[in-house]
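For reference, upload-v6.pdb (PDB, C-alpha atoms):
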ATOM      1  CA  MET A   1      78.475 120.015  78.414
ATOM      2  CA  ILE A   2      80.135 119.579  81.828
ATOM      3  CA  LEU A   3      80.479 116.143  83.413
ATOM      4  CA  ILE A   4      80.720 116.000  87.202
ATOM      5  CA  THR A   5      81.903 113.001  89.201
ATOM      6  CA  GLY A   6      81.211 113.059  92.928
ATOM      7  CA  ALA A   7      78.160 115.231  92.325
ATOM      8  CA  THR A   8      76.430 113.938  95.464
ATOM      9  CA  SER A   9      79.270 115.162  97.716
ATOM     10  CA  GLN A  10      78.917 118.455  99.591
ATOM     11  CA  VAL A  11      81.076 120.283  97.037
ATOM     12  CA  GLY A  12      79.312 118.498  94.187
ATOM     13  CA  GLU A  13      75.810 119.445  95.310
ATOM     14  CA  LEU A  14      76.692 123.118  95.653
ATOM     15  CA  LEU A  15      78.544 123.107  92.330
ATOM     16  CA  VAL A  16      75.644 121.540  90.426
ATOM     17  CA  ASP A  17      73.276 124.160  91.830
ATOM     18  CA  LYS A  18      75.625 127.012  90.857
ATOM     19  CA  LEU A  19      76.231 125.645  87.354
ATOM     20  CA  VAL A  20      72.533 125.195  86.672
ATOM     21  CA  SER A  21      71.770 128.721  87.919
ATOM     22  CA  LYS A  22      74.334 130.073  85.429
ATOM     23  CA  GLY A  23      72.847 128.149  82.524
ATOM     24  CA  TYR A  24      75.507 125.467  82.072
ATOM     25  CA  ARG A  25      74.576 122.066  80.672
ATOM     26  CA  VAL A  26      75.413 119.531  83.377
ATOM     27  CA  ARG A  27      75.713 115.759  83.373
ATOM     28  CA  CYS A  28      76.444 113.808  86.562
ATOM     29  CA  LEU A  29      78.100 110.410  86.647
ATOM     30  CA  VAL A  30      76.397 108.518  89.474
ATOM     31  CA  ARG A  31      75.821 104.957  90.604
ATOM     32  CA  GLU A  32      72.374 103.392  90.416
ATOM     33  CA  SER A  33      72.282 103.441  94.227
ATOM     34  CA  SER A  34      73.205 107.136  94.542
ATOM     35  CA  LYS A  35      70.789 109.503  96.269
ATOM     36  CA  ILE A  36      70.286 112.254  93.696
ATOM     37  CA  ASP A  37      67.364 114.189  95.185
ATOM     38  CA  ASN A  38      69.469 117.285  95.907
ATOM     39  CA  ILE A  39      70.969 117.448  92.408
ATOM     40  CA  ASN A  40      67.916 116.344  90.412
ATOM     41  CA  LEU A  41      67.390 119.839  89.051
ATOM     42  CA  PRO A  42      65.829 120.952  85.747
ATOM     43  CA  GLY A  43      68.390 120.558  82.974
ATOM     44  CA  VAL A  44      70.659 118.094  84.805
ATOM     45  CA  GLU A  45      71.358 114.813  83.021
ATOM     46  CA  PHE A  46      72.435 111.604  84.733
ATOM     47  CA  ALA A  47      74.805 108.963  83.420
ATOM     48  CA  TYR A  48      74.762 105.806  85.496
ATOM     49  CA  GLY A  49      78.019 103.950  85.852
ATOM     50  CA  ASP A  50      81.327 103.722  87.662
ATOM     51  CA  LEU A  51      84.766 105.284  87.410
ATOM     52  CA  ILE A  52      86.394 101.903  86.855
ATOM     53  CA  ASN A  53      84.056 100.908  84.016
ATOM     54  CA  ASP A  54      85.390 102.138  80.659
ATOM     55  CA  VAL A  55      82.098 101.567  78.839
ATOM     56  CA  SER A  56      80.041 103.631  81.282
ATOM     57  CA  LEU A  57      82.713 106.337  81.193
ATOM     58  CA  GLU A  58      82.639 106.489  77.400
ATOM     59  CA  ASN A  59      78.850 106.880  77.469
ATOM     60  CA  ALA A  60      79.047 109.563  80.153
ATOM     61  CA  LEU A  61      81.701 111.531  78.245
ATOM     62  CA  LYS A  62      79.833 111.876  74.941
ATOM     63  CA  ASP A  63      79.932 115.525  73.770
ATOM     64  CA  VAL A  64      81.580 116.613  77.033
ATOM     65  CA  GLU A  65      83.850 119.676  76.938
ATOM     66  CA  TYR A  66      84.759 119.884  80.626
ATOM     67  CA  ILE A  67      85.028 117.406  83.483
ATOM     68  CA  VAL A  68      85.026 118.222  87.182
ATOM     69  CA  HIS A  69      86.353 115.193  89.031
ATOM     70  CA  ILE A  70      85.464 115.335  92.735
ATOM     71  CA  ALA A  71      85.144 111.588  93.363
ATOM     72  CA  GLY A  72      88.670 110.883  94.620
ATOM     73  CA  ILE A  73      91.793 112.035  92.806
ATOM     74  CA  TRP A  74      93.304 108.562  93.247
ATOM     75  CA  ARG A  75      90.503 107.073  91.132
ATOM     76  CA  VAL A  76      91.636 108.500  87.804
ATOM     77  CA  ASN A  77      93.278 105.743  85.752
ATOM     78  CA  SER A  78      90.232 104.671  83.734
ATOM     79  CA  LEU A  79      88.998 108.262  83.467
ATOM     80  CA  LEU A  80      92.314 109.496  82.063
ATOM     81  CA  LYS A  81      92.466 106.628  79.578
ATOM     82  CA  VAL A  82      89.007 107.399  78.210
ATOM     83  CA  CYS A  83      89.659 111.166  78.217
ATOM     84  CA  ARG A  84      92.384 110.770  75.605
ATOM     85  CA  SER A  85      89.821 109.588  73.056
ATOM     86  CA  ILE A  86      87.292 112.394  73.629
ATOM     87  CA  GLU A  87      87.808 114.972  70.866
ATOM     88  CA  THR A  88      85.469 117.560  72.385
ATOM     89  CA  LEU A  89      87.267 117.614  75.752
ATOM     90  CA  LYS A  90      88.948 120.921  76.619
ATOM     91  CA  LYS A  91      89.881 120.621  80.287
ATOM     92  CA  VAL A  92      89.563 118.420  83.372
ATOM     93  CA  ILE A  93      89.441 119.909  86.873
ATOM     94  CA  PHE A  94      90.524 117.561  89.654
ATOM     95  CA  VAL A  95      89.680 118.260  93.309
ATOM     96  CA  GLY A  96      92.400 116.812  95.520
ATOM     97  CA  SER A  97      93.447 117.682  99.065
ATOM     98  CA  THR A  98      96.216 119.322 101.063
ATOM     99  CA  SER A  99      96.422 115.975 102.868
ATOM    100  CA  ILE A 100      99.016 115.189 100.209
ATOM    101  CA  TYR A 101     101.354 117.360 102.291
ATOM    102  CA  LYS A 102      99.940 117.108 105.809
ATOM    103  CA  LYS A 103      99.751 113.324 105.950
ATOM    104  CA  ALA A 104     102.908 112.422 104.018
ATOM    105  CA  ASP A 105     105.053 112.306 107.174
ATOM    106  CA  SER A 106     102.362 111.079 109.559
ATOM    107  CA  ILE A 107     103.195 108.293 112.003
ATOM    108  CA  ASP A 108      99.744 106.848 111.219
ATOM    109  CA  LYS A 109      99.970 104.276 108.402
ATOM    110  CA  TRP A 110      96.406 104.960 107.238
ATOM    111  CA  GLU A 111      97.157 108.671 106.831
ATOM    112  CA  LYS A 112     100.435 107.977 105.018
ATOM    113  CA  ASP A 113      98.597 105.649 102.654
ATOM    114  CA  ILE A 114      96.127 108.448 101.845
ATOM    115  CA  ALA A 115      98.972 110.832 101.014
ATOM    116  CA  GLN A 116     100.586 108.176  98.838
ATOM    117  CA  LYS A 117      97.347 107.593  96.918
ATOM    118  CA  LEU A 118      97.004 111.333  96.321
ATOM    119  CA  MET A 119     100.586 111.553  95.057
ATOM    120  CA  ILE A 120     100.128 108.628  92.670
ATOM    121  CA  GLY A 121      96.884 110.103  91.339
ATOM    122  CA  GLU A 122      98.389 113.547  90.757
ATOM    123  CA  ASP A 123     101.437 112.060  89.042
ATOM    124  CA  ALA A 124      99.186 110.107  86.673
ATOM    125  CA  ILE A 125      97.293 113.302  85.834
ATOM    126  CA  ARG A 126     100.487 115.214  84.995
ATOM    127  CA  LYS A 127     101.714 112.430  82.734
ATOM    128  CA  SER A 128      98.369 111.853  80.986
ATOM    129  CA  GLY A 129      98.627 114.565  78.330
ATOM    130  CA  VAL A 130      95.145 115.795  79.325
ATOM    131  CA  ASN A 131      94.641 119.517  79.905
ATOM    132  CA  TYR A 132      94.210 119.633  83.667
ATOM    133  CA  VAL A 133      93.851 121.824  86.739
ATOM    134  CA  ILE A 134      94.370 120.430  90.242
ATOM    135  CA  LEU A 135      92.704 122.181  93.188
ATOM    136  CA  ARG A 136      93.845 121.165  96.676
ATOM    137  CA  PRO A 137      91.431 122.492  99.306
ATOM    138  CA  THR A 138      92.239 122.556 102.996
ATOM    139  CA  MET A 139      89.745 121.242 105.585
ATOM    140  CA  ILE A 140      86.288 121.497 104.001
ATOM    141  CA  TYR A 141      83.144 122.490 105.860
ATOM    142  CA  GLY A 142      79.671 123.246 104.651
ATOM    143  CA  ILE A 143      76.415 121.362 104.300
ATOM    144  CA  ASN A 144      75.199 118.326 106.225
ATOM    145  CA  LYS A 145      77.721 116.016 104.532
ATOM    146  CA  ASP A 146      80.647 117.788 106.173
ATOM    147  CA  LYS A 147      82.903 115.253 107.911
ATOM    148  CA  ASN A 148      85.078 117.827 109.661
ATOM    149  CA  ILE A 149      83.507 120.862 111.322
ATOM    150  CA  LEU A 150      80.028 119.324 111.501
ATOM    151  CA  GLN A 151      81.328 116.421 113.588
ATOM    152  CA  ILE A 152      82.753 118.906 116.079
ATOM    153  CA  ILE A 153      79.469 120.832 116.122
ATOM    154  CA  ASN A 154      77.458 117.676 116.718
ATOM    155  CA  PHE A 155      79.789 116.606 119.537
ATOM    156  CA  MET A 156      79.506 120.043 121.194
ATOM    157  CA  ASN A 157      75.737 120.077 120.815
ATOM    158  CA  LYS A 158      75.562 116.759 122.645
ATOM    159  CA  TYR A 159      78.234 117.194 125.329
ATOM    160  CA  ARG A 160      78.612 121.019 125.541
ATOM    161  CA  CYS A 161      82.412 120.670 125.485
ATOM    162  CA  TYR A 162      85.213 119.370 123.274
ATOM    163  CA  PRO A 163      88.465 117.651 124.302
ATOM    164  CA  VAL A 164      91.739 119.254 123.163
ATOM    165  CA  ILE A 165      95.006 117.329 123.271
ATOM    166  CA  GLY A 166      97.946 119.682 123.587
ATOM    167  CA  SER A 167      97.879 123.483 123.519
ATOM    168  CA  GLY A 168      95.478 123.849 120.572
ATOM    169  CA  GLN A 169      97.784 126.414 118.956
ATOM    170  CA  ALA A 170      98.136 124.616 115.611
ATOM    171  CA  LEU A 171      96.852 126.692 112.709
ATOM    172  CA  LYS A 172      93.886 125.606 110.606
ATOM    173  CA  GLN A 173      92.439 127.288 107.530
ATOM    174  CA  PRO A 174      89.047 125.675 106.808
ATOM    175  CA  ILE A 175      87.326 126.442 103.516
ATOM    176  CA  TYR A 176      83.592 126.549 102.879
ATOM    177  CA  ALA A 177      82.425 124.018 100.278
ATOM    178  CA  GLY A 178      80.639 126.770  98.355
ATOM    179  CA  ASP A 179      83.913 128.653  97.957
ATOM    180  CA  ILE A 180      85.469 125.554  96.383
ATOM    181  CA  ALA A 181      82.528 125.458  93.972
ATOM    182  CA  ASP A 182      83.191 129.124  93.133
ATOM    183  CA  ALA A 183      86.867 128.353  92.500
ATOM    184  CA  ILE A 184      85.830 125.577  90.102
ATOM    185  CA  LEU A 185      83.515 127.997  88.298
ATOM    186  CA  LEU A 186      86.395 130.451  87.903
ATOM    187  CA  VAL A 187      88.647 127.759  86.416
ATOM    188  CA  LEU A 188      85.867 126.648  84.064
ATOM    189  CA  SER A 189      85.269 130.182  82.801
ATOM    190  CA  ASP A 190      88.926 131.043  82.091
ATOM    191  CA  GLU A 191      90.498 129.124  79.204
ATOM    192  CA  ARG A 192      93.927 130.481  80.169
ATOM    193  CA  ILE A 193      93.942 128.351  83.316
ATOM    194  CA  ILE A 194      95.385 125.079  82.018
ATOM    195  CA  ASN A 195      97.956 122.689  83.493
ATOM    196  CA  LYS A 196      97.988 124.594  86.784
ATOM    197  CA  GLU A 197      97.837 123.470  90.415
ATOM    198  CA  TYR A 198      96.424 125.507  93.295
ATOM    199  CA  ILE A 199      96.096 125.187  97.059
ATOM    200  CA  ILE A 200      92.868 126.850  98.176
ATOM    201  CA  GLY A 201      91.924 127.659 101.756
ATOM    202  CA  GLY A 202      89.740 129.938 103.823
ATOM    203  CA  LYS A 203      90.401 133.653 104.012
ATOM    204  CA  SER A 204      92.806 133.475 106.951
ATOM    205  CA  PRO A 205      94.374 130.904 109.298
ATOM    206  CA  ILE A 206      92.951 130.368 112.768
ATOM    207  CA  LYS A 207      94.340 128.615 115.816
ATOM    208  CA  TYR A 208      92.634 125.283 116.474
ATOM    209  CA  LYS A 209      91.626 126.362 119.986
ATOM    210  CA  ASN A 210      90.095 129.595 118.655
ATOM    211  CA  MET A 211      88.238 127.667 115.974
ATOM    212  CA  LEU A 212      86.659 125.510 118.677
ATOM    213  CA  LYS A 213      85.700 128.624 120.664
ATOM    214  CA  LEU A 214      84.144 130.146 117.555
ATOM    215  CA  ILE A 215      82.074 126.999 116.990
TER     216      ILE A 215
END

Now that the file is in, can you turn its structure into C-alpha cells?
Amino acid sequence: MILITGATSQVGELLVDKLVSKGYRVRCLVRESSKIDNINLPGVEFAYGDLINDVSLENALKDVEYIVHIAGIWRVNSLLKVCRSIETLKKVIFVGSTSIYKKADSIDKWEKDIAQKLMIGEDAIRKSGVNYVILRPTMIYGINKDKNILQIINFMNKYRCYPVIGSGQALKQPIYAGDIADAILLVLSDERIINKEYIIGGKSPIKYKNMLKLI
C-alpha cells in the first residue's frame, strides 16, 4: 500500500494515475474539503484527515509500506513522529524544491523564509531515522494547476506579450510534472535507493528569454 499526501496537486494527480495504471494499491490522505474528482479512480482509497493530526495520520498509515509526501516538505513533524511506529513502512519519498538553494540568499524576506522552512524540514527528515529519499525538482510545469509556466501562458494569451526585466539571459530548467511522477515511480521500484537526495530538472537548461519565445 502506498500513501500519498498532496494527491490533488499537479504532481499528485499524475502520480496517482500512473500508480493505478501499474496496479499499485493507493491511498490518498485528503481533507474533507478536497476536490478529488481527478483522483477518484477505481482502486484508490481515501483517508480523510490532516498532516498535523496524529490520529488521522495513524489511521491513514495502517498497512502502508511506502509514503510519497508531496504536501509541503516543511509539514513533516507529525508525519515523521507517526512513521516511527509503523512496522510495515519501508520508505518515504519527500518532494521538496530547489528553492532551498535559489531563495536562501534572496533579498526578499518571504523567499528567504521559504528556503528556511525547506531547510528545517529536510534536516528533520535526515535526523528522523526513517528511510527516506528527497527529490528537489526545479520549476514545475504541467496540468492546469501549474503556477509557473501556465501563468505566463495565460498572460501571453491575454496581452500577446510578456514583460522582461533585464537581459533575460538567466538559465531555467523547467521540469514537466509527469516526469517528476516518473522519478517517484523509479524510486519506489528500486529498494536500493534509500537515504538519498536528488535534484531533478528538465532535459537541458534554457535561457529565460528563449523560454518565453518558445511559449

* At a cut-off of 8 Å from (78.2, 114.1, 93.6) in the coordinates of the file, what residues are picked up using all atoms listed in the file, written as a ChimeraX atom specification? -> /A:4-13,28-30,70-71

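Residues matching the PyMOL selection byres ((chain A and resi 116-125) around 6) in this structure come to Ile73, Trp74, Ile100, Asp113, Ile114, Ala115, Arg126, Lys127 and Ser128 of chain A.
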
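Take CA of Arg160 in chain A and CA of Gly202 in chain A: the distance between them is 26.0 Å.
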
* To do: Given the file shown, enumerate the residues that the PyMOL selection byres ((chain A and resi 19) around 12) captures and present them as a PyMOL selection string.
  => chain A and resi 1-4+7+12-18+20-28+39+41-44+68+178+181-182+184-186+188-189

Resolved residues for the PyMOL selection byres ((chain A and resi 204-209) around 8) as a short mmCIF file (atom, residue, chain, number, x, y, z; two decimals) with C-alpha atoms, keeping the file's coordinate frame:
data_model
loop_
_atom_site.label_atom_id
_atom_site.label_comp_id
_atom_site.auth_asym_id
_atom_site.auth_seq_id
_atom_site.Cartn_x
_atom_site.Cartn_y
_atom_site.Cartn_z
CA VAL A 164 91.74 119.25 123.16
CA SER A 167 97.88 123.48 123.52
CA GLY A 168 95.48 123.85 120.57
CA GLN A 169 97.78 126.41 118.96
CA ALA A 170 98.14 124.62 115.61
CA LEU A 171 96.85 126.69 112.71
CA LYS A 172 93.89 125.61 110.61
CA GLN A 173 92.44 127.29 107.53
CA PRO A 174 89.05 125.68 106.81
CA GLY A 201 91.92 127.66 101.76
CA GLY A 202 89.74 129.94 103.82
CA LYS A 203 90.40 133.65 104.01
CA ASN A 210 90.10 129.60 118.66
CA MET A 211 88.24 127.67 115.97
CA LEU A 212 86.66 125.51 118.68
CA LYS A 213 85.70 128.62 120.66
#

* To do: Go through A:Leu89, A:Ile175, A:Asn59, A:Glu197 and flag the residue nearest Asn148 in chain A, using only C-alpha atoms for the distances.
  => A:Ile175

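Distances to Val92 in chain A were evaluated for A:Ala183, A:Ile36, A:Leu51, A:Ile194 using only C-alpha atoms, and the minimum falls at A:Ile194.
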
* Structure fact -> re CA of Phe155 in chain A and CA of Leu214 in chain A: distance 14.4 Å

* To do: Name the residues in contact with Lys90 in chain A at a cut-off of 12 Å, using all atoms listed in the file, excluding same-chain residues fewer than 6 positions from it; report them as a list in words.
  =>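 Skipping anything fewer than 6 positions along the chain leaves Met1, Ile2, Leu3, Leu61, Asp63, Val64, Glu65, Tyr66, Ile67, Val68, Cys83, Arg84, Gly129, Val130, Asn131, Tyr132, Val133, Val187, Leu188, Ser189, Asp190, Glu191, Arg192, Ile193, Ile194 and Asn195 of chain A.
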
For C-alpha atoms, I'd like the residues from the last selection saved as a JSON list (two decimals), in the coordinates of the input.
[["chain", "number", "residue", "atom", "x", "y", "z"],
["A", 1, "MET", "CA", 78.47, 120.02, 78.41],
["A", 2, "ILE", "CA", 80.14, 119.58, 81.83],
["A", 3, "LEU", "CA", 80.48, 116.14, 83.41],
["A", 61, "LEU", "CA", 81.70, 111.53, 78.24],
["A", 63, "ASP", "CA", 79.93, 115.52, 73.77],
["A", 64, "VAL", "CA", 81.58, 116.61, 77.03],
["A", 65, "GLU", "CA", 83.85, 119.68, 76.94],
["A", 66, "TYR", "CA", 84.76, 119.88, 80.63],
["A", 67, "ILE", "CA", 85.03, 117.41, 83.48],
["A", 68, "VAL", "CA", 85.03, 118.22, 87.18],
["A", 83, "CYS", "CA", 89.66, 111.17, 78.22],
["A", 84, "ARG", "CA", 92.38, 110.77, 75.60],
["A", 129, "GLY", "CA", 98.63, 114.56, 78.33],
["A", 130, "VAL", "CA", 95.14, 115.80, 79.32],
["A", 131, "ASN", "CA", 94.64, 119.52, 79.90],
["A", 132, "TYR", "CA", 94.21, 119.63, 83.67],
["A", 133, "VAL", "CA", 93.85, 121.82, 86.74],
["A", 187, "VAL", "CA", 88.65, 127.76, 86.42],
["A", 188, "LEU", "CA", 85.87, 126.65, 84.06],
["A", 189, "SER", "CA", 85.27, 130.18, 82.80],
["A", 190, "ASP", "CA", 88.93, 131.04, 82.09],
["A", 191, "GLU", "CA", 90.50, 129.12, 79.20],
["A", 192, "ARG", "CA", 93.93, 130.48, 80.17],
["A", 193, "ILE", "CA", 93.94, 128.35, 83.32],
["A", 194, "ILE", "CA", 95.38, 125.08, 82.02],
["A", 195, "ASN", "CA", 97.96, 122.69, 83.49]]

* Atomic separation - CA of His69 in chain A relative to CA of Val82 in chain A, Å ->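 One can read the CA of Val82 in chain A to CA of His69 in chain A distance as 13.6 Å.
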
* **Best match for closeness to Ser34 in chain A among A:Asp179, A:Asp146, A:Glu58, A:Asp50, counting only C-alpha atoms** => A:Asp50

* Given only C-alpha atoms as the counted atoms, nearest of A:Thr88, A:Asn157, A:Lys62, A:Leu57 to Val76 in chain A -> A:Leu57

Where is the centre and how long are the edges: axis-aligned box on range 88-100 of chain A, 4 Å on each side, Å to one decimal, as AutoDock Vina command-line options:
--center_x 92.2 --center_y 118.1 --center_z 87.6 --size_x 21.5 --size_y 13.7 --size_z 38.5

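Shortest atom-to-atom contact with Tyr176 in chain A among A:Ile140, A:Gly72, A:Ser99, A:Tyr162: A:Ile140, counting only C-alpha atoms.
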
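Counting all atoms listed in the file, the residue from A:Ala47, A:Ile200, A:Ala60, A:Ile107 that sits nearest to Ile86 in chain A is A:Ala60.
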